[in-house]
Every structure is written in structure tokens, then in C-alpha cells.
$ cat protein21.cif   # mmCIF, C-alpha atoms
data_input
#
loop_
_atom_site.label_atom_id
_atom_site.label_comp_id
_atom_site.auth_asym_id
_atom_site.auth_seq_id
_atom_site.Cartn_x
_atom_site.Cartn_y
_atom_site.Cartn_z
CA MET A 265 -6.82 14.49 85.73
CA LEU A 266 -9.13 17.38 84.86
CA LEU A 267 -6.68 18.47 82.21
CA ILE A 268 -6.72 15.06 80.57
CA PHE A 269 -10.48 15.04 80.78
CA PHE A 270 -10.72 18.34 78.90
CA LEU A 271 -8.19 17.23 76.32
CA VAL A 272 -10.19 14.12 75.60
CA THR A 273 -13.59 15.79 75.43
CA SER A 274 -12.52 18.75 73.33
CA SER A 275 -10.94 16.64 70.61
CA MET A 276 -13.78 14.15 70.64
CA ASP A 277 -16.34 16.50 69.20
CA ALA A 278 -14.27 17.77 66.29
CA GLY A 279 -15.78 16.24 63.21
CA LYS A 280 -13.69 14.97 60.38
CA GLY A 281 -14.21 15.57 56.72
CA LEU A 282 -12.77 16.07 53.30
CA ASN A 283 -12.15 19.76 52.82
CA ARG A 284 -12.89 21.20 49.42
CA GLN A 285 -13.18 24.70 48.09
CA MET A 286 -15.97 25.65 45.74
CA PRO A 287 -15.78 28.31 43.07
CA PRO A 288 -17.76 31.53 43.56
CA PRO A 289 -21.22 31.65 42.00
CA PRO A 290 -21.33 32.19 38.24
CA GLN A 291 -21.47 35.81 37.22
CA ASP A 292 -23.76 37.21 34.56
CA GLN A 293 -21.00 38.17 32.19
CA GLU A 294 -18.89 35.10 32.66
CA GLN A 295 -15.62 35.19 30.83
CA VAL A 296 -14.97 31.91 29.13
CA ALA A 297 -11.94 30.33 30.68
CA ASP A 298 -9.42 29.55 27.99
CA ILE A 299 -8.24 26.12 28.93
CA LEU A 300 -6.65 23.93 26.35
CA GLU A 301 -8.52 20.80 25.43
CA SER A 302 -5.47 18.78 26.35
CA ASP A 303 -5.47 20.25 29.83
CA ILE A 304 -8.85 18.82 30.73
CA MET A 305 -9.41 15.34 32.01
CA THR A 306 -13.03 14.28 31.98
CA VAL A 307 -14.26 11.77 34.51
CA VAL A 308 -17.84 10.59 34.22
CA LEU A 309 -19.70 9.11 37.16
CA ASP A 310 -22.91 7.59 35.84
CA ALA A 311 -26.16 6.58 37.50
CA ASP A 312 -24.80 3.12 38.26
CA ASN A 313 -21.82 4.63 40.09
CA ARG A 314 -19.40 3.57 37.37
CA LEU A 315 -16.34 5.67 36.74
CA THR A 316 -15.56 6.34 33.11
CA LEU A 317 -12.38 7.99 31.97
CA ASN A 318 -12.02 8.77 28.27
CA GLY A 319 -14.59 6.12 27.46
CA ASP A 320 -13.05 3.34 29.54
CA THR A 321 -14.44 2.10 32.81
CA VAL A 322 -11.77 2.43 35.48
CA SER A 323 -11.40 1.61 39.14
CA LEU A 324 -10.65 4.17 41.82
CA GLN A 325 -7.04 3.08 42.12
CA GLN A 326 -6.53 3.32 38.38
CA LEU A 327 -8.16 6.71 38.35
CA GLN A 328 -5.98 7.95 41.17
CA ARG A 329 -2.87 6.91 39.26
CA GLU A 330 -4.14 8.48 36.05
CA VAL A 331 -5.02 11.74 37.78
CA ARG A 332 -1.63 11.92 39.42
CA GLU A 333 0.16 11.36 36.13
CA PHE A 334 -2.08 13.84 34.41
CA ALA A 335 -1.72 16.53 37.05
CA ALA A 336 1.98 16.09 37.69
CA VAL A 337 2.82 17.81 34.42
CA ASN A 338 1.23 21.12 35.22
CA PRO A 339 -0.92 21.02 38.35
CA LYS A 340 -1.70 24.74 38.25
CA HIS A 341 -3.28 24.65 34.81
CA ARG A 342 -4.68 21.20 34.36
CA VAL A 343 -8.28 20.68 35.30
CA VAL A 344 -10.17 17.55 36.24
CA ALA A 345 -13.75 17.73 35.04
CA ILE A 346 -16.28 15.61 36.90
CA LYS A 347 -19.61 14.77 35.34
CA THR A 348 -22.14 13.27 37.67
CA ASP A 349 -25.60 11.93 37.10
CA PRO A 350 -28.47 13.09 39.35
CA GLN A 351 -28.91 9.47 40.39
CA THR A 352 -25.28 8.95 41.35
CA LYS A 353 -24.86 7.89 44.96
CA TYR A 354 -23.11 10.36 47.20
CA ASP A 355 -20.73 7.68 48.39
CA ALA A 356 -19.36 7.12 44.88
CA TYR A 357 -18.91 10.84 44.44
CA PHE A 358 -17.18 11.12 47.77
CA GLN A 359 -14.80 8.29 46.92
CA LEU A 360 -13.98 10.07 43.68
CA GLN A 361 -13.23 13.32 45.49
CA ASN A 362 -11.17 11.36 47.97
CA ALA A 363 -9.15 9.79 45.18
CA ILE A 364 -8.54 13.15 43.54
CA VAL A 365 -7.39 14.72 46.80
CA ALA A 366 -5.12 11.72 47.38
CA ALA A 367 -3.71 12.04 43.87
CA TYR A 368 -2.93 15.70 44.33
CA LYS A 369 -1.45 15.27 47.76
CA PRO A 370 2.19 14.80 46.73
CA LEU A 371 1.94 17.67 44.27
CA ASN A 372 1.51 20.25 46.98
CA CYS A 373 -1.16 22.07 45.05
CA PRO A 374 -4.92 22.18 45.54
CA PRO A 375 -6.82 20.19 42.94
CA ARG A 376 -8.58 22.11 40.21
CA VAL A 377 -11.89 20.45 39.67
CA SER A 378 -14.80 21.45 37.51
CA GLU A 379 -18.12 19.84 38.29
CA VAL A 380 -21.06 19.45 36.00
CA MET A 381 -24.30 17.61 36.50
CA MET A 382 -25.93 15.84 33.62
CA GLU A 383 -29.63 16.42 33.25
CA GLY A 384 -30.88 14.10 30.60
CA ASP A 385 -28.32 14.58 27.90
CA GLU A 386 -27.82 18.20 28.63
CA ALA A 387 -25.23 19.46 31.01
CA VAL A 388 -26.29 22.05 33.54
CA SER A 389 -23.97 24.96 33.10
CA ASP A 390 -21.54 25.11 35.93
CA GLU A 391 -18.13 26.38 35.02
CA GLY A 392 -16.84 25.64 38.46
CA LYS A 393 -13.22 25.34 39.26
CA GLY A 394 -12.57 24.01 42.71
CA GLY A 395 -9.50 25.15 44.54
CA GLN A 396 -7.59 28.31 43.98
CA PRO A 397 -5.81 28.60 40.66
CA MET B 23 -1.63 -9.87 121.47
CA ILE B 24 -4.36 -12.29 122.31
CA ARG B 25 -5.19 -10.34 125.40
CA ARG B 26 -5.69 -7.17 123.42
CA HIS B 27 -8.00 -8.94 121.15
CA PHE B 28 -10.09 -9.99 124.02
CA ARG B 29 -10.32 -6.52 125.31
CA ARG B 30 -11.70 -5.15 122.03
CA PRO B 31 -14.01 -7.72 120.59
CA ASP B 32 -15.69 -5.05 118.44
CA HIS B 33 -15.07 -6.06 114.82
CA SER B 34 -17.57 -3.70 113.18
CA VAL B 35 -16.59 -1.89 110.03
CA PRO B 36 -15.33 1.64 110.71
CA GLU B 37 -17.73 4.28 109.49
CA LEU B 38 -17.11 5.74 106.03
CA ASN B 39 -15.84 9.28 105.91
CA MET B 40 -18.47 11.23 104.02
CA ALA B 41 -16.54 14.46 103.77
CA SER B 42 -15.46 13.86 100.14
CA LEU B 43 -18.91 12.90 98.91
CA PRO B 44 -19.99 16.42 97.86
CA ASP B 45 -16.78 16.77 95.84
CA LEU B 46 -17.48 13.53 94.07
CA ILE B 47 -21.04 14.47 93.26
CA PHE B 48 -19.98 17.84 91.93
CA THR B 49 -17.39 16.21 89.71
CA VAL B 50 -19.97 13.89 88.24
CA LEU B 51 -22.40 16.79 87.82
CA PHE B 52 -19.84 18.86 85.92
CA PHE B 53 -18.94 15.88 83.83
CA PHE B 54 -22.50 15.45 82.65
CA MET B 55 -23.01 19.17 82.19
CA ILE B 56 -20.05 19.41 79.87
CA VAL B 57 -20.67 16.22 77.97
CA THR B 58 -24.33 16.82 77.30
CA HIS B 59 -23.81 20.39 76.20
CA MET B 60 -21.61 19.42 73.30
CA ARG B 61 -24.43 18.27 71.08
CA ASP B 62 -26.99 21.01 70.96
CA VAL B 63 -28.54 19.86 67.74
CA GLU B 64 -30.94 17.00 67.83
CA LYS B 65 -30.61 14.83 64.76
CA GLN B 66 -33.82 14.31 62.91
CA VAL B 67 -32.36 12.58 59.94
CA GLN B 68 -30.58 9.29 59.76
CA TYR B 69 -27.34 9.09 57.90
CA GLN B 70 -24.14 7.14 57.61
CA VAL B 71 -21.21 9.14 56.39
CA PRO B 72 -18.81 7.63 53.85
CA THR B 73 -15.29 6.66 54.75
CA GLY B 74 -12.24 8.26 53.20
CA SER B 75 -8.49 8.11 53.53
CA GLU B 76 -7.80 11.82 53.15
CA VAL B 77 -10.08 13.22 55.81
CA GLU B 78 -8.92 16.09 57.96
CA LYS B 79 -10.18 17.44 61.22
CA LEU B 80 -12.47 20.40 61.14
CA ALA B 81 -10.31 23.21 62.38
CA HIS B 82 -12.33 25.73 64.35
CA LYS B 83 -15.51 24.68 65.98
CA GLY B 84 -16.97 28.16 66.06
CA SER B 85 -16.71 28.64 62.33
CA VAL B 86 -18.40 25.44 61.25
CA ILE B 87 -22.02 25.10 60.24
CA HIS B 88 -23.57 21.72 59.77
CA ILE B 89 -25.99 20.57 57.15
CA TYR B 90 -27.39 17.10 57.56
CA ILE B 91 -28.86 15.13 54.68
CA GLY B 92 -30.62 11.84 55.26
CA LYS B 93 -33.91 10.11 55.73
CA PRO B 94 -36.13 11.36 58.58
CA ILE B 95 -35.77 9.29 61.71
CA ASP B 96 -39.47 9.25 62.47
CA GLY B 97 -40.11 7.64 59.11
CA SER B 98 -42.55 10.33 58.04
CA SER B 99 -41.26 10.14 54.50
CA ASP B 100 -38.95 8.02 52.44
CA GLU B 101 -37.36 10.99 50.73
CA TYR B 102 -34.00 12.40 51.63
CA CYS B 103 -34.34 15.54 53.71
CA ILE B 104 -32.08 18.39 54.66
CA GLN B 105 -31.77 19.38 58.27
CA LEU B 106 -30.58 22.82 59.29
CA ASN B 107 -30.26 23.46 63.01
CA ASN B 108 -33.22 21.72 64.53
CA GLN B 109 -35.72 21.45 61.76
CA LEU B 110 -36.11 19.87 58.41
CA ALA B 111 -35.76 22.35 55.63
CA THR B 112 -35.61 22.71 51.90
CA VAL B 113 -32.89 23.95 49.61
CA SER B 114 -34.41 27.42 49.46
CA ASP B 115 -33.93 27.80 53.23
CA ILE B 116 -30.17 27.34 53.02
CA ALA B 117 -29.39 30.90 51.93
CA ARG B 118 -31.25 32.38 54.90
CA PHE B 119 -29.72 29.85 57.24
CA VAL B 120 -26.19 30.68 56.11
CA GLU B 121 -26.90 34.39 56.50
CA THR B 122 -28.13 34.08 60.07
CA GLU B 123 -25.26 31.79 61.00
CA ARG B 124 -22.81 34.20 59.47
CA LYS B 125 -24.23 37.11 61.42
CA GLY B 126 -23.73 35.27 64.66
CA MET B 127 -20.06 34.70 64.03
CA SER B 128 -17.07 36.79 64.93
CA GLU B 129 -15.11 38.53 62.20
CA GLU B 130 -12.37 35.95 61.93
CA ASP B 131 -14.74 33.03 62.11
CA ARG B 132 -16.67 34.53 59.23
CA GLU B 133 -13.65 34.40 56.99
CA ARG B 134 -12.81 30.82 57.61
CA MET B 135 -16.41 29.67 57.77
CA THR B 136 -16.74 26.06 56.70
CA VAL B 137 -19.91 24.19 55.89
CA SER B 138 -19.81 20.60 56.92
CA ILE B 139 -22.07 18.52 54.72
CA GLU B 140 -23.03 15.41 56.61
CA ALA B 141 -24.80 13.30 54.05
CA ASP B 142 -25.81 9.70 53.88
CA ARG B 143 -23.91 7.45 51.51
CA ASP B 144 -26.98 6.74 49.43
CA VAL B 145 -28.12 10.29 48.89
CA PRO B 146 -28.48 10.94 45.16
CA MET B 147 -26.16 13.59 43.79
CA SER B 148 -29.07 15.75 42.66
CA VAL B 149 -29.81 16.61 46.29
CA VAL B 150 -26.16 17.17 47.17
CA ASN B 151 -25.68 19.29 44.10
CA ASP B 152 -28.67 21.47 44.93
CA VAL B 153 -27.24 22.08 48.37
CA LYS B 154 -23.84 22.92 46.94
CA GLN B 155 -25.27 25.35 44.42
CA ALA B 156 -27.25 27.06 47.18
CA LEU B 157 -24.09 27.36 49.24
CA ARG B 158 -22.20 28.80 46.30
CA GLN B 159 -24.88 31.41 45.79
CA SER B 160 -24.46 32.55 49.38
CA TYR B 161 -20.67 32.54 49.10
CA ALA B 162 -20.15 29.74 51.57
CA LEU B 163 -17.37 28.27 49.52
CA ASN B 164 -15.48 26.17 52.02
CA VAL B 165 -17.17 22.86 52.29
CA SER B 166 -16.19 19.75 54.13
CA TYR B 167 -17.70 16.43 53.24
CA ALA B 168 -18.07 14.73 56.59
CA ALA B 169 -16.55 11.29 56.66
CA SER B 170 -15.00 8.84 59.00
CA GLU B 171 -11.41 7.87 58.60
CA ARG B 172 -10.46 4.72 56.78
CA LYS B 173 -7.14 3.04 57.31
CA LYS B 174 -4.85 3.33 54.35
CA ASN B 175 -4.20 0.09 52.61
#
$ encode --input "protein21.cif" --output "C-alpha cells"
Amino acid sequence: MLLIFFLVTSSMDAGKGLNRQMPPPPQDQEQVADILESDIMTVVLDADNRLTLNGDTVSLQQLQREVREFAAVNPKHRVVAIKTDPQTKYDAYFQLQNAIVAAYKPLNCPPRVSEVMMEGDEAVSDEGKGGQP
Amino acid sequence: MIRRHFRRPDHSVPELNMASLPDLIFTVLFFFMIVTHMRDVEKQVQYQVPTGSEVEKLAHKGSVIHIYIGKPIDGSSDEYCIQLNNQLATVSDIARFVETERKGMSEEDRERMTVSIEADRDVPMSVVNDVKQALRQSYALNVSYAASERKKN
């Protein structure tokens, strides 16, 4: 009985979450990553929590399918670029991350994600690439 | 049979054996000691984590640090606040916080250190992004966005 008690209590406290890896902080002499234009997929998440992919508004399911198709070709080199607005709700962002992780799941490769935040019309420089290459 | 009954008309309830009472009390005591010790951080912000379908369990309890983002419970302000350990903090405190937490960890915990960001659904990304940039600067690169599990549809 004690054993069961400990089993229950020890697993109860373990929080759950979506694990992501961030890139190391930007260095002073940053080498520009040479990624082909065709290897980047830009997803925009605006202040009204709308997802825009190549100019079209898409749903999460559509996006997940698109990302999977896009990444299936060359998951190690293709990068998903996320642009968020400072006013974007965290929930929308989280759902986007969730969809990307779900899309990459069958590929057996960590997603490569670059995140940029829009400030006005200017993008804050953040050449981040999530996940190991 | 009837005769025996007549001989012992005493129908009172037999006295309860109290010998196992201390054991019972100790069990309950230990139960509460263990259960209450699990949460050593008092939440000062209010938040509701998002739900996701791809959530995983946080692996090692000793290597996880928590950052809470939400509105203060006491209603002192309507802004979203960051809570580290037991007090409300600002983004500039994160670096120091990560350093002290890192020092208190064992060697192997340090390598797999994960920061669990427990943020409210309605937190604007500017706050979350500031936190993430601060974490990047202090090389806390494993993050986990806390969420509850949603059934796959």
C-alpha cells in the first residue's frame, strides 16, 4: 500500500509541457547562415492571433499539414520562421509551437525554428534556430 | 441456548482495541508531511496554462526551474508579472535567478537543466519573448512550455 502511495504521489507532481530547445545567444561576430530562400517557410502570427502563411490566412490543421509537407523533403535543412507580434496571445503562440512539433513528430527530427518578433514594422534581430541542426 | 442467554444478559459493545491508533495517526501524519512538502513555492500569480496535444512529462524534478507569468493574485496590478521562487520579479532578475539555481544543482542536473515557463494563455508575446531572450543570454536553452494535455481528436 505504501508503495502504491509513493508511486501515485511522485508522478503527480511532475509537470507537463512542450519541450523546445532555444539557440544560444547571438554572438558579436555572427556568421550569416546561408539558407536558401526556398528552404524557409515563414509563418506570421499577428496581433489578432491570426496565422498567415505566404500571405494566406490558414488554420492550425492546415498549417500542420503544410509544415509536414514542407519539412518532409529535407527536415535537417529546412527552417520554419515564426514572426510574432508583441500583442500576440501566448496561447496562440503555444498552439503554433504545438502544431509544429506535431508536424515534425513522424519525421524523427527536431524542428528547426527561427523566431522573430515584430516591433512596429521592424523585426528585432534574432537569428535563432531552435533545435539542433 | 436460551439458558446461556439468560446467564449473560450483558449486551454492551466490546471495548475498542486502541493499540493500532498510534500507527494510524503516524500514517496520517506522514501522509500530510509528504503531500504538503511537494509544493514549496507559493503562487503569487494567477495563470491558466494552454492545452496541447504534444506535451511531455518533465523528466527530472531536480533539474527543473519554474518561471511563472500571470496576473498577481492579490490584484495589486493589472499587468502581467513574472514570479521567480517566491517573489515577483522583473526580466532583469532572471539572469541572477538562473545563476543561483544553477549553482545549487548537481553536475548532471546542470547539464539537463530545463526551464519550465508556466504562463497564462493571455500573456502577450512581448513578455514571453523578453523572458526567453533573458534565458538565452544565460544559456538556459532547454525550455518547456507548461501545458495540460489535450485529447487528440
$ closest_residue --input "protein21.cif" --among "B:Gln159, B:Gln68, B:Thr112, B:Asn39" --to "chain A" --atoms "only C-alpha atoms"
B:Gln159
$ resolve_selection --input "protein21.cif" --expression "the PyMOL selection byres ((chain A) within 8 of (chain B))" --output "list in words"
Thr273, Asp277, Ala278, Gly279, Lys280, Gly281, Leu282, Asn283, Arg284, Gln285, Met286, Pro287, Pro288, Pro289, Thr348, Asp349, Pro350, Gln351, Thr352, Lys353, Tyr354, Asp355, Tyr357, Phe358, Gln359, Asn362, Val365, Ala366 and Met381 of chain A
$ closest_residue --input "protein21.cif" --among "A:Leu360, A:Ala336, A:Ile268, A:Val343" --to "Met305 (chain A)" --atoms "only C-alpha atoms"
A:Val343
$ residues_around --input "protein21.cif" --residues "Asn108 (chain B)" --least-positions-apart "6" --cutoff "12 Å" --atoms "all atoms listed in the file" --output "list in words"
Arg61, Asp62, Val63, Glu64, Lys65, Gln66, Val67, His88, Ile89, Tyr90 and Phe119 of chain B
$ atom_distance --input "protein21.cif" --atom1 "CA of Ile104 (chain B)" --atom2 "CA of Tyr69 (chain B)"
10.9 Å
$ residues_around --input "protein21.cif" --residues "Leu309 (chain A)" --least-positions-apart "5" --cutoff "6 Å" --atoms "all atoms listed in the file" --output "JSON list (two decimals) with C-alpha atoms, in the frame of the given file"
[["chain", "number", "residue", "atom", "x", "y", "z"],
["A", 314, "ARG", "CA", -19.40, 3.57, 37.37],
["A", 315, "LEU", "CA", -16.34, 5.67, 36.74],
["A", 347, "LYS", "CA", -19.61, 14.77, 35.34],
["A", 348, "THR", "CA", -22.14, 13.27, 37.67]]
$ decode --input "protein21.cif" --residues "region 289-334 of chain A" --atoms "N, CA and C atoms" --output "PDB file, in the first residue's frame"
ATOM      1  N   PRO A 289      22.748  32.382 -27.310  1.00  0.00           N
ATOM      2  CA  PRO A 289      22.614  33.822 -27.563  1.00  0.00           C
ATOM      3  C   PRO A 289      23.438  34.275 -28.760  1.00  0.00           C
ATOM      4  N   PRO A 290      22.981  35.301 -29.451  1.00  0.00           N
ATOM      5  CA  PRO A 290      23.700  35.772 -30.633  1.00  0.00           C
ATOM      6  C   PRO A 290      25.093  36.276 -30.284  1.00  0.00           C
ATOM      7  N   GLN A 291      26.036  35.895 -31.071  1.00  0.00           N
ATOM      8  CA  GLN A 291      27.417  36.329 -30.844  1.00  0.00           C
ATOM      9  C   GLN A 291      27.640  37.667 -31.532  1.00  0.00           C
ATOM     10  N   ASP A 292      28.758  38.308 -31.177  1.00  0.00           N
ATOM     11  CA  ASP A 292      29.060  39.603 -31.776  1.00  0.00           C
ATOM     12  C   ASP A 292      29.328  39.461 -33.264  1.00  0.00           C
ATOM     13  N   GLN A 293      30.232  38.533 -33.582  1.00  0.00           N
ATOM     14  CA  GLN A 293      30.534  38.356 -34.999  1.00  0.00           C
ATOM     15  C   GLN A 293      29.726  37.174 -35.518  1.00  0.00           C
ATOM     16  N   GLU A 294      28.461  37.427 -35.708  1.00  0.00           N
ATOM     17  CA  GLU A 294      27.571  36.355 -36.129  1.00  0.00           C
ATOM     18  C   GLU A 294      27.788  36.043 -37.604  1.00  0.00           C
ATOM     19  N   GLN A 295      28.032  34.774 -37.881  1.00  0.00           N
ATOM     20  CA  GLN A 295      28.153  34.419 -39.284  1.00  0.00           C
ATOM     21  C   GLN A 295      26.751  34.239 -39.851  1.00  0.00           C
ATOM     22  N   VAL A 296      26.531  34.817 -40.981  1.00  0.00           N
ATOM     23  CA  VAL A 296      25.209  34.752 -41.594  1.00  0.00           C
ATOM     24  C   VAL A 296      24.972  33.328 -42.096  1.00  0.00           C
ATOM     25  N   ALA A 297      23.915  32.746 -41.599  1.00  0.00           N
ATOM     26  CA  ALA A 297      23.611  31.386 -42.022  1.00  0.00           C
ATOM     27  C   ALA A 297      23.178  31.408 -43.478  1.00  0.00           C
ATOM     28  N   ASP A 298      23.803  30.572 -44.278  1.00  0.00           N
ATOM     29  CA  ASP A 298      23.411  30.538 -45.682  1.00  0.00           C
ATOM     30  C   ASP A 298      22.328  29.490 -45.896  1.00  0.00           C
ATOM     31  N   ILE A 299      21.121  29.973 -45.792  1.00  0.00           N
ATOM     32  CA  ILE A 299      19.968  29.118 -46.016  1.00  0.00           C
ATOM     33  C   ILE A 299      19.278  29.604 -47.278  1.00  0.00           C
ATOM     34  N   LEU A 300      18.970  28.676 -48.128  1.00  0.00           N
ATOM     35  CA  LEU A 300      18.298  29.051 -49.362  1.00  0.00           C
ATOM     36  C   LEU A 300      16.921  29.628 -49.067  1.00  0.00           C
ATOM     37  N   GLU A 301      16.552  30.579 -49.893  1.00  0.00           N
ATOM     38  CA  GLU A 301      15.230  31.199 -49.738  1.00  0.00           C
ATOM     39  C   GLU A 301      14.124  30.147 -49.782  1.00  0.00           C
ATOM     40  N   SER A 302      14.333  29.145 -50.615  1.00  0.00           N
ATOM     41  CA  SER A 302      13.294  28.125 -50.778  1.00  0.00           C
ATOM     42  C   SER A 302      13.226  27.172 -49.592  1.00  0.00           C
ATOM     43  N   ASP A 303      14.212  27.265 -48.719  1.00  0.00           N
ATOM     44  CA  ASP A 303      14.215  26.374 -47.560  1.00  0.00           C
ATOM     45  C   ASP A 303      13.602  27.020 -46.332  1.00  0.00           C
ATOM     46  N   ILE A 304      13.055  28.204 -46.504  1.00  0.00           N
ATOM     47  CA  ILE A 304      12.451  28.898 -45.366  1.00  0.00           C
ATOM     48  C   ILE A 304      10.948  29.012 -45.574  1.00  0.00           C
ATOM     49  N   MET A 305      10.233  28.686 -44.531  1.00  0.00           N
ATOM     50  CA  MET A 305       8.787  28.817 -44.561  1.00  0.00           C
ATOM     51  C   MET A 305       8.416  29.850 -43.497  1.00  0.00           C
ATOM     52  N   THR A 306       7.792  30.926 -43.935  1.00  0.00           N
ATOM     53  CA  THR A 306       7.517  31.997 -42.985  1.00  0.00           C
ATOM     54  C   THR A 306       6.065  31.956 -42.524  1.00  0.00           C
ATOM     55  N   VAL A 307       5.907  31.859 -41.225  1.00  0.00           N
ATOM     56  CA  VAL A 307       4.577  31.866 -40.624  1.00  0.00           C
ATOM     57  C   VAL A 307       4.455  33.136 -39.801  1.00  0.00           C
ATOM     58  N   VAL A 308       3.424  33.895 -40.047  1.00  0.00           N
ATOM     59  CA  VAL A 308       3.225  35.140 -39.310  1.00  0.00           C
ATOM     60  C   VAL A 308       2.042  34.980 -38.371  1.00  0.00           C
ATOM     61  N   LEU A 309       2.262  35.381 -37.127  1.00  0.00           N
ATOM     62  CA  LEU A 309       1.206  35.332 -36.122  1.00  0.00           C
ATOM     63  C   LEU A 309       0.971  36.775 -35.690  1.00  0.00           C
ATOM     64  N   ASP A 310      -0.142  37.361 -36.142  1.00  0.00           N
ATOM     65  CA  ASP A 310      -0.304  38.800 -35.923  1.00  0.00           C
ATOM     66  C   ASP A 310      -0.986  39.101 -34.582  1.00  0.00           C
ATOM     67  N   ALA A 311      -1.226  40.387 -34.367  1.00  0.00           N
ATOM     68  CA  ALA A 311      -1.756  40.826 -33.072  1.00  0.00           C
ATOM     69  C   ALA A 311      -3.149  40.277 -32.792  1.00  0.00           C
ATOM     70  N   ASP A 312      -3.865  39.895 -33.840  1.00  0.00           N
ATOM     71  CA  ASP A 312      -5.200  39.331 -33.652  1.00  0.00           C
ATOM     72  C   ASP A 312      -5.171  37.808 -33.629  1.00  0.00           C
ATOM     73  N   ASN A 313      -3.985  37.246 -33.406  1.00  0.00           N
ATOM     74  CA  ASN A 313      -3.797  35.801 -33.299  1.00  0.00           C
ATOM     75  C   ASN A 313      -4.157  35.060 -34.576  1.00  0.00           C
ATOM     76  N   ARG A 314      -4.017  35.748 -35.722  1.00  0.00           N
ATOM     77  CA  ARG A 314      -4.269  35.068 -36.992  1.00  0.00           C
ATOM     78  C   ARG A 314      -2.971  34.507 -37.528  1.00  0.00           C
ATOM     79  N   LEU A 315      -3.073  33.315 -38.084  1.00  0.00           N
ATOM     80  CA  LEU A 315      -1.906  32.684 -38.691  1.00  0.00           C
ATOM     81  C   LEU A 315      -1.885  33.016 -40.175  1.00  0.00           C
ATOM     82  N   THR A 316      -0.761  33.491 -40.651  1.00  0.00           N
ATOM     83  CA  THR A 316      -0.651  33.789 -42.067  1.00  0.00           C
ATOM     84  C   THR A 316       0.557  33.056 -42.632  1.00  0.00           C
ATOM     85  N   LEU A 317       0.291  32.324 -43.695  1.00  0.00           N
ATOM     86  CA  LEU A 317       1.350  31.558 -44.339  1.00  0.00           C
ATOM     87  C   LEU A 317       1.417  31.990 -45.799  1.00  0.00           C
ATOM     88  N   ASN A 318       2.526  32.546 -46.188  1.00  0.00           N
ATOM     89  CA  ASN A 318       2.700  33.057 -47.552  1.00  0.00           C
ATOM     90  C   ASN A 318       1.550  33.973 -47.968  1.00  0.00           C
ATOM     91  N   GLY A 319       1.086  34.796 -47.070  1.00  0.00           N
ATOM     92  CA  GLY A 319       0.044  35.749 -47.417  1.00  0.00           C
ATOM     93  C   GLY A 319      -1.368  35.244 -47.239  1.00  0.00           C
ATOM     94  N   ASP A 320      -1.552  33.949 -47.026  1.00  0.00           N
ATOM     95  CA  ASP A 320      -2.906  33.427 -46.846  1.00  0.00           C
ATOM     96  C   ASP A 320      -3.148  33.112 -45.379  1.00  0.00           C
ATOM     97  N   THR A 321      -4.338  33.426 -44.920  1.00  0.00           N
ATOM     98  CA  THR A 321      -4.716  33.047 -43.564  1.00  0.00           C
ATOM     99  C   THR A 321      -5.021  31.551 -43.552  1.00  0.00           C
ATOM    100  N   VAL A 322      -4.420  30.852 -42.595  1.00  0.00           N
ATOM    101  CA  VAL A 322      -4.623  29.400 -42.534  1.00  0.00           C
ATOM    102  C   VAL A 322      -5.038  28.998 -41.129  1.00  0.00           C
ATOM    103  N   SER A 323      -5.607  27.812 -41.030  1.00  0.00           N
ATOM    104  CA  SER A 323      -5.959  27.276 -39.722  1.00  0.00           C
ATOM    105  C   SER A 323      -4.794  26.432 -39.220  1.00  0.00           C
ATOM    106  N   LEU A 324      -4.876  26.041 -37.968  1.00  0.00           N
ATOM    107  CA  LEU A 324      -3.790  25.251 -37.378  1.00  0.00           C
ATOM    108  C   LEU A 324      -3.623  23.922 -38.082  1.00  0.00           C
ATOM    109  N   GLN A 325      -4.755  23.298 -38.416  1.00  0.00           N
ATOM    110  CA  GLN A 325      -4.683  21.985 -39.073  1.00  0.00           C
ATOM    111  C   GLN A 325      -4.023  22.110 -40.439  1.00  0.00           C
ATOM    112  N   GLN A 326      -4.447  23.172 -41.175  1.00  0.00           N
ATOM    113  CA  GLN A 326      -3.844  23.392 -42.488  1.00  0.00           C
ATOM    114  C   GLN A 326      -2.345  23.604 -42.342  1.00  0.00           C
ATOM    115  N   LEU A 327      -2.005  24.433 -41.350  1.00  0.00           N
ATOM    116  CA  LEU A 327      -0.601  24.757 -41.154  1.00  0.00           C
ATOM    117  C   LEU A 327       0.204  23.506 -40.848  1.00  0.00           C
ATOM    118  N   GLN A 328      -0.368  22.655 -39.986  1.00  0.00           N
ATOM    119  CA  GLN A 328       0.341  21.445 -39.615  1.00  0.00           C
ATOM    120  C   GLN A 328       0.623  20.588 -40.842  1.00  0.00           C
ATOM    121  N   ARG A 329      -0.378  20.496 -41.720  1.00  0.00           N
ATOM    122  CA  ARG A 329      -0.200  19.709 -42.947  1.00  0.00           C
ATOM    123  C   ARG A 329       0.877  20.339 -43.835  1.00  0.00           C
ATOM    124  N   GLU A 330       0.790  21.657 -43.957  1.00  0.00           N
ATOM    125  CA  GLU A 330       1.754  22.364 -44.809  1.00  0.00           C
ATOM    126  C   GLU A 330       3.176  22.185 -44.287  1.00  0.00           C
ATOM    127  N   VAL A 331       3.311  22.337 -42.958  1.00  0.00           N
ATOM    128  CA  VAL A 331       4.648  22.217 -42.362  1.00  0.00           C
ATOM    129  C   VAL A 331       5.198  20.815 -42.578  1.00  0.00           C
ATOM    130  N   ARG A 332       4.325  19.830 -42.433  1.00  0.00           N
ATOM    131  CA  ARG A 332       4.792  18.457 -42.602  1.00  0.00           C
ATOM    132  C   ARG A 332       5.257  18.216 -44.033  1.00  0.00           C
ATOM    133  N   GLU A 333       4.473  18.694 -44.974  1.00  0.00           N
ATOM    134  CA  GLU A 333       4.853  18.534 -46.382  1.00  0.00           C
ATOM    135  C   GLU A 333       6.167  19.243 -46.671  1.00  0.00           C
ATOM    136  N   PHE A 334       6.239  20.458 -46.122  1.00  0.00           N
ATOM    137  CA  PHE A 334       7.416  21.291 -46.351  1.00  0.00           C
ATOM    138  C   PHE A 334       8.658  20.645 -45.750  1.00  0.00           C
TER     139      PHE A 334
END
